[in-house]
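Here's upload-v3.csv, which has CSV, C-alpha atoms:
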chain,number,residue,atom,x,y,z
A,1,MET,CA,7.9,-15.1,17.9
A,2,THR,CA,11.1,-16.4,16.4
A,3,THR,CA,14.1,-14.0,17.0
A,4,PHE,CA,15.8,-13.3,20.2
A,5,GLU,CA,15.1,-9.6,19.8
A,6,GLU,CA,11.4,-10.2,19.6
A,7,LYS,CA,11.4,-12.5,22.6
A,8,TRP,CA,13.5,-10.1,24.6
A,9,THR,CA,11.2,-7.1,23.8
A,10,ALA,CA,8.2,-9.1,24.8
A,11,TRP,CA,9.9,-10.2,28.0
A,12,LEU,CA,10.8,-6.5,28.8
A,13,ASP,CA,7.2,-5.5,28.2
A,14,ASP,CA,5.9,-8.3,30.3
A,15,GLN,CA,4.2,-9.8,27.3
A,16,LEU,CA,5.5,-13.4,27.9
A,17,SER,CA,3.6,-15.7,30.2
A,18,GLY,CA,3.4,-19.4,31.1
A,19,ARG,CA,5.6,-21.8,29.3
A,20,GLU,CA,7.0,-19.2,26.9
A,21,LEU,CA,8.1,-17.1,29.9
A,22,SER,CA,9.8,-19.9,31.7
A,23,GLU,CA,11.4,-21.2,28.6
A,24,PHE,CA,12.8,-17.8,27.7
A,25,GLU,CA,14.1,-17.1,31.3
A,26,ALA,CA,15.7,-20.5,31.3
A,27,SER,CA,17.5,-19.7,28.1
A,28,LEU,CA,19.1,-16.6,29.5
A,29,PRO,CA,22.8,-17.1,30.4
A,30,ASP,CA,22.8,-14.5,33.2
A,31,LYS,CA,19.4,-14.0,34.6
A,32,ALA,CA,20.5,-11.4,37.1
A,33,ALA,CA,22.1,-9.2,34.4
A,34,ALA,CA,19.0,-9.6,32.3
A,35,GLN,CA,16.8,-8.5,35.2
A,36,ALA,CA,19.0,-5.5,35.7
A,37,GLU,CA,18.7,-4.5,32.0
A,38,LYS,CA,14.9,-5.0,32.3
A,39,ALA,CA,14.9,-2.6,35.2
A,40,GLU,CA,17.0,-0.1,33.1
A,41,ALA,CA,14.6,-0.4,30.2
A,42,LYS,CA,11.7,0.4,32.6
A,43,LYS,CA,13.6,3.4,33.9
A,44,LEU,CA,14.3,4.6,30.3
A,45,GLY,CA,10.6,4.2,29.6
A,46,GLU,CA,9.6,6.2,32.7
A,47,LEU,CA,12.2,8.9,31.8
A,48,LEU,CA,10.8,9.3,28.3
A,49,LYS,CA,7.3,9.4,29.4
A,50,ARG,CA,8.0,11.9,32.1
A,51,GLU,CA,10.1,14.3,30.0
A,52,LEU,CA,8.4,14.0,26.6
A,53,THR,CA,4.7,13.6,27.2
A,54,ALA,CA,3.7,17.1,28.0
A,55,HIS,CA,4.6,19.1,25.0
A,56,PRO,CA,1.6,21.4,24.5
A,57,LEU,CA,0.3,22.6,21.3
A,58,LYS,CA,0.2,26.4,21.7
A,59,ASN,CA,-2.6,28.3,19.9
A,60,GLU,CA,-4.8,25.3,19.5
A,61,GLU,CA,-7.6,27.4,18.2
A,62,PHE,CA,-5.4,29.0,15.6
A,63,PHE,CA,-4.2,25.5,14.6
A,64,GLY,CA,-7.8,24.5,13.9
A,65,HIS,CA,-8.6,27.8,12.1
A,66,GLN,CA,-5.5,27.5,9.9
A,67,LEU,CA,-6.4,23.9,9.0
A,68,ARG,CA,-10.0,24.9,8.1
A,69,GLU,CA,-8.7,27.7,5.9
A,70,ARG,CA,-6.4,25.3,4.2
A,71,ILE,CA,-9.2,22.8,3.6
A,72,VAL,CA,-11.4,25.5,2.2
A,73,ARG,CA,-8.6,26.8,0.0
A,74,ASP,CA,-7.7,23.3,-1.1
A,75,SER,CA,-11.3,22.4,-2.1
A,76,ARG,CA,-11.7,25.7,-3.9
A,77,ASP,CA,-8.5,25.0,-5.8
A,78,GLN,CA,-9.7,21.5,-6.7
A,79,HIS,CA,-13.0,22.9,-8.0
A,80,ARG,CA,-11.2,25.5,-10.0
A,81,GLU,CA,-8.9,22.8,-11.4
A,82,ARG,CA,-11.8,20.6,-12.3
A,83,ALA,CA,-13.6,23.4,-14.0
A,84,ARG,CA,-10.4,24.4,-15.9
A,85,ARG,CA,-9.9,20.8,-17.0
A,86,SER,CA,-13.4,20.4,-18.2
A,87,ALA,CA,-13.2,23.7,-20.1
A,88,THR,CA,-10.0,23.0,-21.8
A,89,SER,CA,-10.3,19.3,-22.4
A,90,THR,CA,-11.4,18.3,-25.9
A,91,TRP,CA,-15.0,17.1,-26.2
A,92,TRP,CA,-13.8,14.1,-28.2
A,93,THR,CA,-12.4,12.1,-25.4
A,94,ILE,CA,-11.5,8.5,-26.2
A,95,PRO,CA,-14.6,7.0,-24.6
A,96,ARG,CA,-16.8,9.5,-26.5
A,97,LEU,CA,-15.0,8.7,-29.7
A,98,LEU,CA,-15.5,5.0,-29.1
A,99,TRP,CA,-19.2,5.5,-28.4
A,100,THR,CA,-19.6,7.7,-31.4
A,101,GLY,CA,-17.8,5.2,-33.7
A,102,THR,CA,-19.8,2.3,-32.4
A,103,ALA,CA,-23.1,4.2,-32.8
A,104,SER,CA,-22.2,5.3,-36.4
A,105,LEU,CA,-21.2,1.7,-37.4
A,106,ALA,CA,-24.5,0.4,-36.0
A,107,VAL,CA,-26.5,3.1,-37.9
A,108,PHE,CA,-24.6,2.3,-41.1
A,109,LEU,CA,-25.3,-1.4,-40.8
A,110,ILE,CA,-29.0,-0.9,-40.1
A,111,CYS,CA,-29.3,1.4,-43.2
A,112,THR,CA,-27.4,-1.0,-45.4
A,113,VAL,CA,-29.6,-3.9,-44.4
A,114,LEU,CA,-32.7,-1.8,-45.0
A,115,VAL,CA,-31.5,-0.7,-48.4
A,116,ILE,CA,-30.5,-4.2,-49.4
A,117,ARG,CA,-33.9,-5.5,-48.4
A,118,GLN,CA,-35.8,-2.8,-50.3
A,119,GLU,CA,-33.7,-3.0,-53.4
A,120,ARG,CA,-33.7,-6.7,-53.8
A,121,PRO,CA,-32.8,-7.3,-57.5
A,122,ALA,CA,-35.6,-8.5,-59.7
A,123,GLU,CA,-35.6,-12.0,-60.9
A,124,GLU,CA,-33.3,-12.5,-63.7
A,125,SER,CA,-34.9,-12.3,-67.1
A,126,GLN,CA,-35.2,-15.7,-68.8
A,127,TYR,CA,-34.8,-13.9,-72.1
A,128,LEU,CA,-31.6,-12.3,-71.1
A,129,THR,CA,-30.4,-15.6,-69.7
A,130,GLN,CA,-31.1,-17.2,-73.0
A,131,ILE,CA,-29.1,-14.5,-74.8
A,132,LEU,CA,-26.3,-14.8,-72.4
A,133,ASN,CA,-26.4,-18.5,-72.7
A,134,ALA,CA,-26.2,-18.1,-76.5
A,135,ARG,CA,-23.3,-15.7,-76.1
A,136,VAL,CA,-21.3,-18.0,-74.0
A,137,ASP,CA,-22.0,-20.9,-76.2
A,138,PRO,CA,-19.1,-20.6,-78.7
A,139,VAL,CA,-20.7,-23.2,-81.0
A,140,VAL,CA,-24.0,-21.2,-81.4
A,141,SER,CA,-22.6,-17.6,-81.4
A,142,PRO,CA,-18.9,-17.5,-81.3
A,143,ASN,CA,-18.6,-13.6,-81.7
A,144,ALA,CA,-21.7,-12.6,-79.8
A,145,SER,CA,-21.7,-9.6,-77.4
A,146,VAL,CA,-24.4,-8.2,-75.2
A,147,SER,CA,-24.7,-4.6,-73.8
A,148,ILE,CA,-27.3,-3.2,-71.5
A,149,PHE,CA,-27.8,0.5,-71.0
A,150,GLU,CA,-30.4,2.7,-69.5
A,151,VAL,CA,-32.1,5.6,-71.4
A,152,LYS,CA,-33.2,7.9,-68.6
A,153,GLN,CA,-35.4,10.3,-70.5
A,154,ASP,CA,-37.4,7.4,-71.9
A,155,HIS,CA,-37.3,5.5,-68.7
A,156,ALA,CA,-36.2,2.4,-70.6
A,157,THR,CA,-33.4,-0.1,-70.5
A,158,VAL,CA,-32.0,-1.2,-73.8
A,159,LEU,CA,-30.6,-4.6,-74.4
A,160,TRP,CA,-28.1,-4.4,-77.3
A,161,THR,CA,-26.9,-7.6,-78.8
A,162,GLU,CA,-24.5,-8.2,-81.6
A,163,GLY,CA,-23.2,-11.3,-83.4
A,164,LEU,CA,-26.0,-13.7,-82.3
A,165,GLN,CA,-26.7,-16.5,-84.8
A,166,SER,CA,-30.3,-16.4,-83.7
A,167,LEU,CA,-32.6,-14.8,-81.2
A,168,PRO,CA,-34.6,-17.0,-78.9
A,169,ALA,CA,-38.1,-17.5,-80.1
A,170,ASP,CA,-39.6,-16.3,-76.8
A,171,TYR,CA,-39.7,-12.5,-76.9
A,172,ALA,CA,-41.6,-12.0,-73.7
A,173,ALA,CA,-38.7,-11.1,-71.5
A,174,LYS,CA,-39.8,-10.9,-67.9
B,1,MET,CA,-5.8,4.8,29.3
B,2,GLN,CA,-9.3,4.5,28.2
B,3,THR,CA,-11.6,1.8,29.6
B,4,GLU,CA,-13.3,-0.6,27.2
B,5,ALA,CA,-16.6,1.1,27.7
B,6,THR,CA,-15.3,4.6,26.9
B,7,LEU,CA,-13.3,3.2,24.1
B,8,ALA,CA,-16.4,1.6,22.5
B,9,GLN,CA,-18.4,4.8,23.1
B,10,SER,CA,-15.8,7.0,21.6
B,11,ASP,CA,-15.3,4.5,18.7
B,12,VAL,CA,-19.0,4.7,17.9
B,13,SER,CA,-19.1,8.5,17.8
B,14,GLU,CA,-15.8,8.5,16.0
B,15,LEU,CA,-17.2,6.3,13.3
B,16,ASP,CA,-20.2,8.6,13.1
B,17,LEU,CA,-17.9,11.6,12.7
B,18,VAL,CA,-15.9,9.8,10.1
B,19,LYS,CA,-19.1,9.0,8.1
B,20,ARG,CA,-20.0,12.7,8.2
B,21,CYS,CA,-16.6,13.6,7.1
B,22,GLN,CA,-16.9,11.2,4.2
B,23,ALA,CA,-20.1,13.1,3.2
B,24,GLY,CA,-18.1,16.3,3.1
B,25,ASP,CA,-18.9,17.7,6.6
B,26,THR,CA,-16.0,19.8,7.6
B,27,GLU,CA,-17.4,20.5,11.1
B,28,ALA,CA,-17.2,16.7,11.8
B,29,PHE,CA,-13.6,16.8,10.7
B,30,ASP,CA,-13.0,19.8,12.9
B,31,GLU,CA,-14.2,17.7,15.8
B,32,LEU,CA,-11.8,14.9,15.0
B,33,VAL,CA,-9.0,17.4,14.7
B,34,THR,CA,-9.8,18.9,18.0
B,35,ARG,CA,-9.7,15.4,19.6
B,36,TYR,CA,-6.3,14.4,18.2
B,37,ARG,CA,-4.4,17.6,17.4
B,38,THR,CA,-2.5,17.7,20.7
B,39,ARG,CA,-1.5,14.0,20.6
B,40,VAL,CA,-0.5,14.3,17.0
B,41,PHE,CA,1.4,17.5,17.5
B,42,GLY,CA,3.2,16.0,20.6
B,43,MET,CA,4.1,12.9,18.7
B,44,ILE,CA,5.5,14.8,15.7
B,45,TYR,CA,7.3,17.3,18.0
B,46,ASN,CA,9.1,14.4,19.7
B,47,MET,CA,10.1,13.1,16.3
B,48,VAL,CA,11.4,16.3,14.8
B,49,HIS,CA,12.2,18.5,17.9
B,50,SER,CA,11.0,21.7,16.3
B,51,GLU,CA,7.7,23.4,17.1
B,52,GLN,CA,7.4,25.1,13.7
B,53,ASP,CA,8.2,21.9,11.8
B,54,ALA,CA,5.9,19.9,14.1
B,55,TRP,CA,3.1,22.5,13.5
B,56,ASP,CA,3.6,22.3,9.7
B,57,LEU,CA,3.7,18.5,9.6
B,58,ALA,CA,0.7,18.2,11.8
B,59,GLN,CA,-1.2,20.5,9.4
B,60,GLU,CA,0.0,18.5,6.5
B,61,SER,CA,-1.0,15.3,8.1
B,62,PHE,CA,-4.6,16.5,8.9
B,63,LEU,CA,-4.9,17.9,5.4
B,64,LYS,CA,-3.9,14.6,3.9
B,65,ALA,CA,-6.3,12.8,6.3
B,66,TRP,CA,-9.1,15.1,5.0
B,67,LYS,CA,-8.3,14.4,1.4
B,68,SER,CA,-8.2,10.6,1.9
B,69,ILE,CA,-11.0,10.2,4.5
B,70,GLY,CA,-13.1,8.7,1.7
B,71,ARG,CA,-10.7,5.7,1.7
B,72,PHE,CA,-11.1,5.0,5.4
B,73,ARG,CA,-13.0,1.8,5.7
B,74,GLY,CA,-13.1,1.5,9.5
B,75,GLN,CA,-11.0,-1.7,9.6
B,76,SER,CA,-8.8,0.0,12.3
B,77,SER,CA,-9.5,2.8,14.7
B,78,PHE,CA,-9.4,6.3,13.3
B,79,TYR,CA,-6.6,7.0,15.7
B,80,THR,CA,-4.4,4.3,14.2
B,81,TRP,CA,-5.4,5.4,10.7
B,82,ILE,CA,-4.4,9.0,11.3
B,83,TYR,CA,-1.2,7.9,13.0
B,84,ARG,CA,-0.3,6.0,9.9
B,85,ILE,CA,-0.6,9.3,7.9
B,86,VAL,CA,1.2,11.2,10.5
B,87,MET,CA,4.1,8.7,10.6
B,88,ASN,CA,4.3,8.6,6.8
B,89,VAL,CA,4.4,12.4,6.5
B,90,THR,CA,6.9,12.7,9.4
B,91,ILE,CA,9.2,9.9,8.3
B,92,ASP,CA,9.2,11.2,4.7
B,93,TRP,CA,10.1,14.6,6.0
B,94,LEU,CA,12.9,13.3,8.2
B,95,ARG,CA,14.3,11.2,5.3
B,96,LYS,CA,14.3,14.2,3.0
B,97,LYS,CA,15.9,16.3,5.7
B,98,GLN,CA,18.6,13.7,6.1
B,99,VAL,CA,19.2,13.6,2.3
B,100,LYS,CA,19.5,17.4,2.2
B,101,GLY,CA,21.7,17.6,5.3
B,102,GLY,CA,24.1,14.9,4.0
B,103,GLY,CA,22.8,12.1,6.3
B,104,ALA,CA,24.8,13.1,9.3
B,105,GLU,CA,22.0,13.1,11.9
B,106,PHE,CA,21.3,9.4,12.1
B,107,ASP,CA,22.7,6.3,10.5
B,108,ASP,CA,21.2,2.8,10.9
B,109,ALA,CA,24.4,1.2,9.8
B,110,ILE,CA,26.5,2.4,12.7
B,111,GLN,CA,23.8,2.0,15.2
B,112,LEU,CA,24.8,-1.4,16.5
B,113,ARG,CA,28.5,-0.7,16.5
B,114,GLU,CA,27.8,2.3,18.7
B,115,ILE,CA,25.9,0.4,21.3
B,116,ASP,CA,27.8,-0.9,24.3
B,117,PRO,CA,25.3,-2.1,26.9
B,118,ALA,CA,28.0,-2.0,29.5
B,119,SER,CA,29.1,1.5,28.8
B,120,LYS,CA,28.5,4.2,31.3
B,121,THR,CA,28.4,7.8,30.2
B,122,VAL,CA,30.1,10.1,32.6
B,123,PRO,CA,27.4,12.2,34.4
B,124,LYS,CA,27.6,15.9,33.8
B,125,THR,CA,29.5,17.5,36.6
B,126,GLU,CA,28.5,21.1,36.3
B,127,ALA,CA,25.8,21.9,38.7
B,128,LEU,CA,22.8,23.7,37.2
B,129,PRO,CA,21.5,26.5,39.4
B,130,HIS,CA,17.8,26.0,38.7
B,131,GLN,CA,15.7,22.9,38.5
B,132,ALA,CA,14.0,24.2,35.4
B,133,MET,CA,17.4,24.5,33.6
B,134,GLU,CA,18.2,21.0,34.7
B,135,ARG,CA,15.1,19.7,33.2
B,136,ASP,CA,15.8,21.6,30.0
B,137,GLU,CA,19.2,20.0,30.0
B,138,ILE,CA,17.7,16.5,30.4
B,139,ARG,CA,15.2,17.2,27.7
B,140,VAL,CA,17.9,18.4,25.3
B,141,ARG,CA,19.9,15.2,26.1
B,142,ILE,CA,16.8,13.1,25.4
B,143,GLU,CA,16.1,14.9,22.2
B,144,LYS,CA,19.6,14.5,21.0
B,145,ALA,CA,19.6,10.8,21.8
B,146,ILE,CA,16.3,10.3,20.0
B,147,GLY,CA,17.7,12.4,17.1
B,148,GLN,CA,20.3,9.7,16.6
B,149,LEU,CA,17.7,7.0,16.0
B,150,SER,CA,16.4,6.4,12.5
B,151,PRO,CA,12.9,7.8,11.8
B,152,GLU,CA,11.4,4.3,12.1
B,153,HIS,CA,13.1,3.5,15.4
B,154,ARG,CA,12.0,6.9,16.7
B,155,ALA,CA,8.5,6.3,15.7
B,156,VAL,CA,8.4,2.8,17.4
B,157,ILE,CA,9.9,3.9,20.7
B,158,LEU,CA,7.7,7.0,21.0
B,159,MET,CA,4.5,5.2,20.1
B,160,LYS,CA,5.3,2.5,22.6
B,161,GLU,CA,6.7,4.5,25.5
B,162,ILE,CA,4.8,7.8,25.2
B,163,ASP,CA,1.5,6.8,23.6
B,164,GLU,CA,1.5,3.3,25.2
B,165,MET,CA,0.3,1.8,22.0
B,166,GLN,CA,0.2,-2.0,21.6
B,167,TYR,CA,2.5,-3.8,19.2
B,168,HIS,CA,-0.3,-4.5,16.7
B,169,GLU,CA,-1.4,-0.8,16.7
B,170,ILE,CA,2.2,0.3,16.1
B,171,ALA,CA,2.5,-2.2,13.3
B,172,GLU,CA,-0.7,-1.0,11.7
B,173,ALA,CA,0.4,2.6,12.0
B,174,LEU,CA,3.7,1.9,10.4
B,175,GLY,CA,2.5,-0.6,7.9
B,176,CYS,CA,4.9,-3.3,9.1
B,177,SER,CA,4.8,-6.6,10.9
B,178,ILE,CA,4.6,-7.0,14.7
B,179,GLY,CA,7.9,-8.8,14.6
B,180,THR,CA,9.5,-5.7,12.9
B,181,VAL,CA,8.0,-3.5,15.5
B,182,MET,CA,9.5,-5.6,18.3
B,183,SER,CA,12.8,-5.8,16.7
B,184,ARG,CA,13.0,-2.1,16.2
B,185,LEU,CA,12.0,-1.6,19.8
B,186,PHE,CA,14.8,-3.8,20.9
B,187,TYR,CA,17.4,-1.8,19.0
B,188,ALA,CA,15.9,1.6,19.8
B,189,ARG,CA,15.9,0.8,23.5
B,190,LYS,CA,19.5,-0.6,23.4
B,191,LYS,CA,20.7,2.6,21.8
B,192,LEU,CA,18.8,4.9,24.1
B,193,GLN,CA,20.0,3.0,27.1
B,194,SER,CA,23.6,3.4,26.0
B,195,LEU,CA,23.0,7.2,25.4
B,196,LEU,CA,20.9,8.1,28.4
B,197,ARG,CA,22.1,5.7,31.1
B,198,ASP,CA,23.6,8.5,33.2
B,199,VAL,CA,20.4,10.5,32.9
B,200,TYR,CA,18.0,8.0,34.1
B,201,ASP,CA,20.4,6.7,36.7
B,202,ASN,CA,20.9,10.2,38.2
B,203,VAL,CA,17.5,11.8,37.9
Structure re-expressed in structure tokens:
Amino acid sequence: MTTFEEKWTAWLDDQLSGRELSEFEASLPDKAAAQAEKAEAKKLGELLKRELTAHPLKNEEFFGHQLRERIVRDSRDQHRERARRSATSTWWTIPRLLWTGTASLAVFLICTVLVIRQERPAEESQYLTQILNARVDPVVSPNASVSIFEVKQDHATVLWTEGLQSLPADYAAK
Amino acid sequence: MQTEATLAQSDVSELDLVKRCQAGDTEAFDELVTRYRTRVFGMIYNMVHSEQDAWDLAQESFLKAWKSIGRFRGQSSFYTWIYRIVMNVTIDWLRKKQVKGGGAEFDDAIQLREIDPASKTVPKTEALPHQAMERDEIRVRIEKAIGQLSPEHRAVILMKEIDEMQYHEIAEALGCSIGTVMSRLFYARKKLQSLLRDVYDNV
């Protein structure tokens, strides 16, 4: 307790004891006046208790009944509100969107990995490499060009070269 | 006042009732309402001095208690917990009423200026023919005096003097410190003493 008000209140309510009590009473400038005020405070307390305590709740049963009705009505309203919200709310709530996005990304990544693993490119043809080497070597074939195209009906891939000075001796392209 | 044994007994069954309420049992809540409705109503009535308003505020308080019973953790007694709701509802209502009414009813700022511990109010001279009328008169005087306190001061003095609650219980119910409770009690008593001195001196 620090303030005078707190100590005074505790003293009025007989909550001080021992050293605290004697110290507080010693600090009072007029102990007789303080005791008179304490007696007044007690009288005030008695008056309030006597006059204000017994204010009956009339129709107690109706009070309980009305409250029960309100609780039932309130919970019914809450259920209705919840149902209305779930009916009108969009299915694509933010958490659902997040989950769906994450799942879609995961499926996409798995498919990509599988496709890449299945369609690993064949080893590069040594023959083609030689041609390409020839093309890029400006000394051997300065104006060489190489085209590759697929002929679907024949199930064949055509390697079309132009401007080569010479073809490599090894025709067995892998 | 309750003895420790009955307090412990009622606390146990009260906790049981609270747990049932938390599981959605309205009958258990009805039992709690039956236990406290008179005290709650009486406390609110003494704060607002109107039966109809006290009835409505008590209903509102219990309805709020039902809605938030799931948050009751049993750290304080149910009684203190429900009192906190009651006080919040009532003080809010009084504050709103003050705003609507232009703030004429009570004013914390002028409270201390109005207190003169040495002042004696002249006792009423007219003789009332019946004792009942005299009591009514006294009651009206008390209600008027309490009406001049701020809602917080009203709550503190009523909880202390009428409900005989301890400082820490009042502090819990009002969500403030024990020091604040004691300080509010000091000023509330001073003001009521200055307003009701002639009443308690002559009764």
**OP:** Using only C-alpha atoms, find which residues of chain A lie within 12 Å of chain B and jot them down as JSON, numbers by chain.
**Re:** {"A": [1, 2, 3, 4, 5, 6, 7, 8, 9, 10, 11, 12, 13, 15, 33, 34, 36, 37, 38, 39, 40, 41, 42, 43, 44, 45, 46, 47, 48, 49, 50, 51, 52, 53, 54, 55, 56, 57, 58, 59, 60, 61, 62, 63, 64, 65, 66, 67, 68, 69, 70, 71, 72, 73, 74, 75, 78]}
Computed gap from CA of Arg117 (chain A) to CA of Gln153 (chain A) is 27.2 Å
Distance cut-off 10 Å, centre (-17.8, -11.1, -86.0) in file coordinates, counting all atoms listed in the file: which residues qualify? Return them as a count of residues only.
8
Original post:
What is the distance, in Å and to one decimal place, between CA of Val156 (chain B) and CA of Met87 (chain B)?
Top reply: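 Separating CA of Val156 (chain B) from CA of Met87 (chain B) is a distance of 10.0 Å.
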Here CA of Ile146 (chain B) and CA of Ile85 (chain B) stand apart by 20.8 Å
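Distance check against Ala145 (chain B) using only C-alpha atoms: of B:Val86, B:Met47, B:Leu94, B:Cys176, the minimum falls on B:Met47.
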